[in-house]
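Structure file query-v2.pdb with PDB, C-alpha atoms, pLDDT in the B column:
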ATOM      1  CA  VAL L  91     123.771  99.935 114.579  1.00 92.00           C
ATOM      2  CA  GLN L  92     124.799  99.930 110.930  1.00 96.00           C
ATOM      3  CA  LEU L  93     122.849 101.699 108.234  1.00 97.00           C
ATOM      4  CA  GLN L  94     123.118 100.791 104.568  1.00 95.00           C
ATOM      5  CA  ALA L  95     121.529 103.163 102.092  1.00 95.00           C
ATOM      6  CA  SER L  96     120.946 102.607  98.411  1.00 94.00           C
ATOM      7  CA  GLY L  97     119.019 104.030  95.497  1.00 95.00           C
ATOM      8  CA  GLY L  98     120.796 107.263  94.695  1.00 93.00           C
ATOM      9  CA  GLY L  99     121.651 108.210  91.155  1.00 97.00           C
ATOM     10  CA  SER L 100     121.375 110.828  88.450  1.00 98.00           C
ATOM     11  CA  VAL L 101     118.133 112.104  86.953  1.00 98.00           C
ATOM     12  CA  GLN L 102     116.925 115.086  85.020  1.00 98.00           C
ATOM     13  CA  ALA L 103     114.797 117.770  86.622  1.00 98.00           C
ATOM     14  CA  GLY L 104     111.261 116.523  87.093  1.00 98.00           C
ATOM     15  CA  GLY L 105     112.389 112.937  87.490  1.00 98.00           C
ATOM     16  CA  SER L 106     112.001 110.574  90.407  1.00 98.00           C
ATOM     17  CA  LEU L 107     114.215 108.485  92.637  1.00 98.00           C
ATOM     18  CA  SER L 108     113.616 106.182  95.562  1.00 98.00           C
ATOM     19  CA  LEU L 109     116.061 105.720  98.408  1.00 98.00           C
ATOM     20  CA  SER L 110     116.182 102.758 100.754  1.00 98.00           C
ATOM     21  CA  CYS L 111     117.985 102.218 104.023  1.00 97.00           C
ATOM     22  CA  VAL L 112     118.191  99.124 106.180  1.00 97.00           C
ATOM     23  CA  ALA L 113     119.388  99.090 109.770  1.00 96.00           C
ATOM     24  CA  SER L 114     121.201  96.145 111.280  1.00 95.00           C
ATOM     25  CA  GLY L 115     122.868  95.333 114.579  1.00 93.00           C
ATOM     26  CA  LYS L 116     121.463  96.424 117.934  1.00 89.00           C
ATOM     27  CA  THR L 117     118.381  98.162 116.613  1.00 88.00           C
ATOM     28  CA  PHE L 118     116.386  97.861 119.840  1.00 87.00           C
ATOM     29  CA  GLY L 119     115.521 101.334 120.998  1.00 87.00           C
ATOM     30  CA  ILE L 120     115.526 102.913 117.553  1.00 91.00           C
ATOM     31  CA  ASN L 121     112.465 105.124 117.601  1.00 92.00           C
ATOM     32  CA  VAL L 122     113.105 107.524 114.755  1.00 95.00           C
ATOM     33  CA  MET L 123     114.490 106.951 111.292  1.00 97.00           C
ATOM     34  CA  GLY L 124     114.894 109.484 108.589  1.00 98.00           C
ATOM     35  CA  TRP L 125     116.819 111.148 105.830  1.00 98.00           C
ATOM     36  CA  TYR L 126     119.114 114.140 105.831  1.00 98.00           C
ATOM     37  CA  ARG L 127     121.078 115.660 102.994  1.00 98.00           C
ATOM     38  CA  GLN L 128     124.216 117.686 102.511  1.00 98.00           C
ATOM     39  CA  ALA L 129     125.039 119.683  99.424  1.00 97.00           C
ATOM     40  CA  PRO L 130     128.599 120.858  98.682  1.00 92.00           C
ATOM     41  CA  GLY L 131     129.506 123.796 100.890  1.00 94.00           C
ATOM     42  CA  ARG L 132     126.355 123.512 102.962  1.00 96.00           C
ATOM     43  CA  GLN L 133     125.447 122.031 106.314  1.00 97.00           C
ATOM     44  CA  ARG L 134     123.599 118.777 106.632  1.00 97.00           C
ATOM     45  CA  GLU L 135     119.869 119.387 106.761  1.00 98.00           C
ATOM     46  CA  LEU L 136     116.758 117.448 107.586  1.00 98.00           C
ATOM     47  CA  VAL L 137     114.715 116.044 104.717  1.00 98.00           C
ATOM     48  CA  ALA L 138     112.180 113.855 106.528  1.00 98.00           C
ATOM     49  CA  THR L 139     111.816 111.662 109.593  1.00 97.00           C
ATOM     50  CA  THR L 140     109.319 109.111 110.804  1.00 97.00           C
ATOM     51  CA  THR L 141     108.787 107.651 114.251  1.00 94.00           C
ATOM     52  CA  ASN L 142     107.780 104.147 115.302  1.00 91.00           C
ATOM     53  CA  GLU L 143     104.295 105.531 115.774  1.00 91.00           C
ATOM     54  CA  GLY L 144     104.174 106.753 112.196  1.00 92.00           C
ATOM     55  CA  VAL L 145     104.534 110.435 112.955  1.00 95.00           C
ATOM     56  CA  THR L 146     106.331 112.124 110.080  1.00 97.00           C
ATOM     57  CA  ASP L 147     108.153 115.400 109.768  1.00 97.00           C
ATOM     58  CA  TYR L 148     109.219 117.023 106.531  1.00 98.00           C
ATOM     59  CA  ALA L 149     111.422 119.981 105.694  1.00 97.00           C
ATOM     60  CA  ASP L 150     109.609 122.899 104.126  1.00 96.00           C
ATOM     61  CA  PHE L 151     111.461 122.480 100.833  1.00 94.00           C
ATOM     62  CA  VAL L 152     109.941 119.014 100.398  1.00 93.00           C
ATOM     63  CA  ALA L 153     106.612 120.672  99.505  1.00 87.00           C
ATOM     64  CA  ASP L 154     104.777 117.374  98.913  1.00 92.00           C
ATOM     65  CA  ARG L 155     107.447 116.158  96.472  1.00 97.00           C
ATOM     66  CA  MET L 156     108.840 113.499  98.778  1.00 97.00           C
ATOM     67  CA  ARG L 157     107.342 110.789 100.937  1.00 98.00           C
ATOM     68  CA  ILE L 158     108.990 108.876 103.744  1.00 98.00           C
ATOM     69  CA  SER L 159     107.862 105.421 104.755  1.00 97.00           C
ATOM     70  CA  ARG L 160     108.999 102.800 107.230  1.00 95.00           C
ATOM     71  CA  ASP L 161     108.997  99.037 107.518  1.00 93.00           C
ATOM     72  CA  ARG L 162     109.617  98.310 111.180  1.00 91.00           C
ATOM     73  CA  VAL L 163     109.785  94.552 110.672  1.00 91.00           C
ATOM     74  CA  ALA L 164     112.528  94.987 108.098  1.00 92.00           C
ATOM     75  CA  ASN L 165     114.195  97.811 110.060  1.00 93.00           C
ATOM     76  CA  SER L 166     114.043  99.872 106.906  1.00 96.00           C
ATOM     77  CA  VAL L 167     113.140 103.381 105.880  1.00 97.00           C
ATOM     78  CA  TYR L 168     112.414 104.642 102.399  1.00 98.00           C
ATOM     79  CA  LEU L 169     112.234 107.997 100.668  1.00 98.00           C
ATOM     80  CA  ARG L 170     110.289 108.458  97.468  1.00 98.00           C
ATOM     81  CA  MET L 171     111.293 111.642  95.667  1.00 98.00           C
ATOM     82  CA  ASP L 172     109.263 113.047  92.782  1.00 98.00           C
ATOM     83  CA  ASN L 173     109.564 116.203  90.685  1.00 97.00           C
ATOM     84  CA  LEU L 174     113.207 116.500  91.614  1.00 98.00           C
ATOM     85  CA  LYS L 175     114.940 119.835  91.172  1.00 97.00           C
ATOM     86  CA  PRO L 176     118.623 120.662  90.590  1.00 97.00           C
ATOM     87  CA  GLU L 177     118.732 122.110  94.115  1.00 97.00           C
ATOM     88  CA  ASP L 178     117.924 118.632  95.444  1.00 97.00           C
ATOM     89  CA  THR L 179     121.419 117.568  94.392  1.00 98.00           C
ATOM     90  CA  ALA L 180     123.202 116.376  97.517  1.00 98.00           C
ATOM     91  CA  VAL L 181     124.483 113.375  99.390  1.00 98.00           C
ATOM     92  CA  TYR L 182     121.538 111.838 101.211  1.00 98.00           C
ATOM     93  CA  PHE L 183     122.194 110.238 104.576  1.00 98.00           C
ATOM     94  CA  CYS L 184     120.058 107.735 106.384  1.00 98.00           C
ATOM     95  CA  ASN L 185     119.666 108.381 110.109  1.00 97.00           C
ATOM     96  CA  ALA L 186     118.441 106.294 113.015  1.00 97.00           C
ATOM     97  CA  ARG L 187     117.976 107.620 116.524  1.00 95.00           C
ATOM     98  CA  ASN L 188     117.970 105.613 119.742  1.00 91.00           C
ATOM     99  CA  VAL L 189     115.847 107.575 122.138  1.00 83.00           C
ATOM    100  CA  LEU L 190     116.323 105.064 124.982  1.00 83.00           C
ATOM    101  CA  SER L 191     119.985 105.948 125.424  1.00 84.00           C
ATOM    102  CA  ALA L 192     121.048 108.900 127.541  1.00 87.00           C
ATOM    103  CA  PRO L 193     121.653 111.144 125.728  1.00 90.00           C
ATOM    104  CA  PRO L 194     119.823 109.949 122.596  1.00 89.00           C
ATOM    105  CA  THR L 195     122.208 108.448 120.060  1.00 94.00           C
ATOM    106  CA  ASP L 196     122.252 109.133 116.349  1.00 95.00           C
ATOM    107  CA  TYR L 197     123.520 106.627 113.820  1.00 96.00           C
ATOM    108  CA  TRP L 198     124.396 107.555 110.250  1.00 97.00           C
ATOM    109  CA  GLY L 199     124.766 105.695 107.019  1.00 93.00           C
ATOM    110  CA  SER L 200     127.579 106.473 104.608  1.00 89.00           C
ATOM    111  CA  GLY L 201     125.369 108.459 102.256  1.00 93.00           C
ATOM    112  CA  THR L 202     124.128 108.062  98.734  1.00 96.00           C
ATOM    113  CA  GLN L 203     124.593 110.659  95.987  1.00 97.00           C
ATOM    114  CA  VAL L 204     121.585 112.204  94.285  1.00 98.00           C
ATOM    115  CA  THR L 205     122.315 114.374  91.257  1.00 98.00           C
ATOM    116  CA  VAL L 206     119.590 116.282  89.432  1.00 98.00           C
ATOM    117  CA  SER L 207     120.471 117.973  86.162  1.00 97.00           C
ATOM    118  CA  SER L 208     118.538 120.816  84.595  1.00 95.00           C
TER     119      SER L 208
END

Show me the file's structure as structure tokens.
Amino acid sequence: VQLQASGGGSVQAGGSLSLSCVASGKTFGINVMGWYRQAPGRQRELVATTTNEGVTDYADFVADRMRISRDRVANSVYLRMDNLKPEDTAVYFCNARNVLSAPPTDYWGSGTQVTVSS
């Protein structure tokens, strides 16, 4: 499975960005797709995930500022980010999880930079 993310960039605080990620290859079995982020000097952390059934999970810091959505036909996942803050600055990684493999397998995109200036 290959993941290609796009849509990162630089905005001022309060601005908005939308991220997109498309999965290709052997996508059968992918049940969960989502976004994680990693800021310099920090561990990678969950931003949001969504399952094939539409169940979503958000990190507490999202606080209704971000919305994840999925297009299963297009094997794509999106992240709309509003009211961005400087602390949202990080590399954002697309993730896809195959829950049919044993153990479950995670696939990662190469990441897209999001920079929020104050």

### Task
Let me know the residues the PyMOL selection byres ((chain L and resi 130-145) around 12) catches in the file above, as number ranges by chain.
L: 118-129, 146-163, 165-171, 177-189, 198, 201, 203-205

#### Entry: Point-to-point distance in Å for CA of Ser106 in chain L and CA of Asp172 in chain L
4.4 Å

### Task
Have a look at L:Val206, L:Val112, L:Ala164, L:Ala192 and name the one nearest to Leu93 in chain L; count all atoms listed in the file.
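The closest residue to Leu93 in chain L is L:Val112.
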
### Message
Calculated over all atoms listed in the file, which of the candidates L:Gly105, L:Pro193, L:Gly98, L:Gly199 has the smallest distance to Pro176 in chain L?
### Response
L:Gly105

### Task
Excluding Val91 in chain L and any residue of its chain fewer than 6 positions from it, enumerate the residues within 8 Å of it, using only C-alpha atoms, and give them as a list in words.
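Neighbouring residues, sequence-local ones excluded: Ala113, Ser114, Gly115, Lys116, Thr117 and Tyr197 of chain L.
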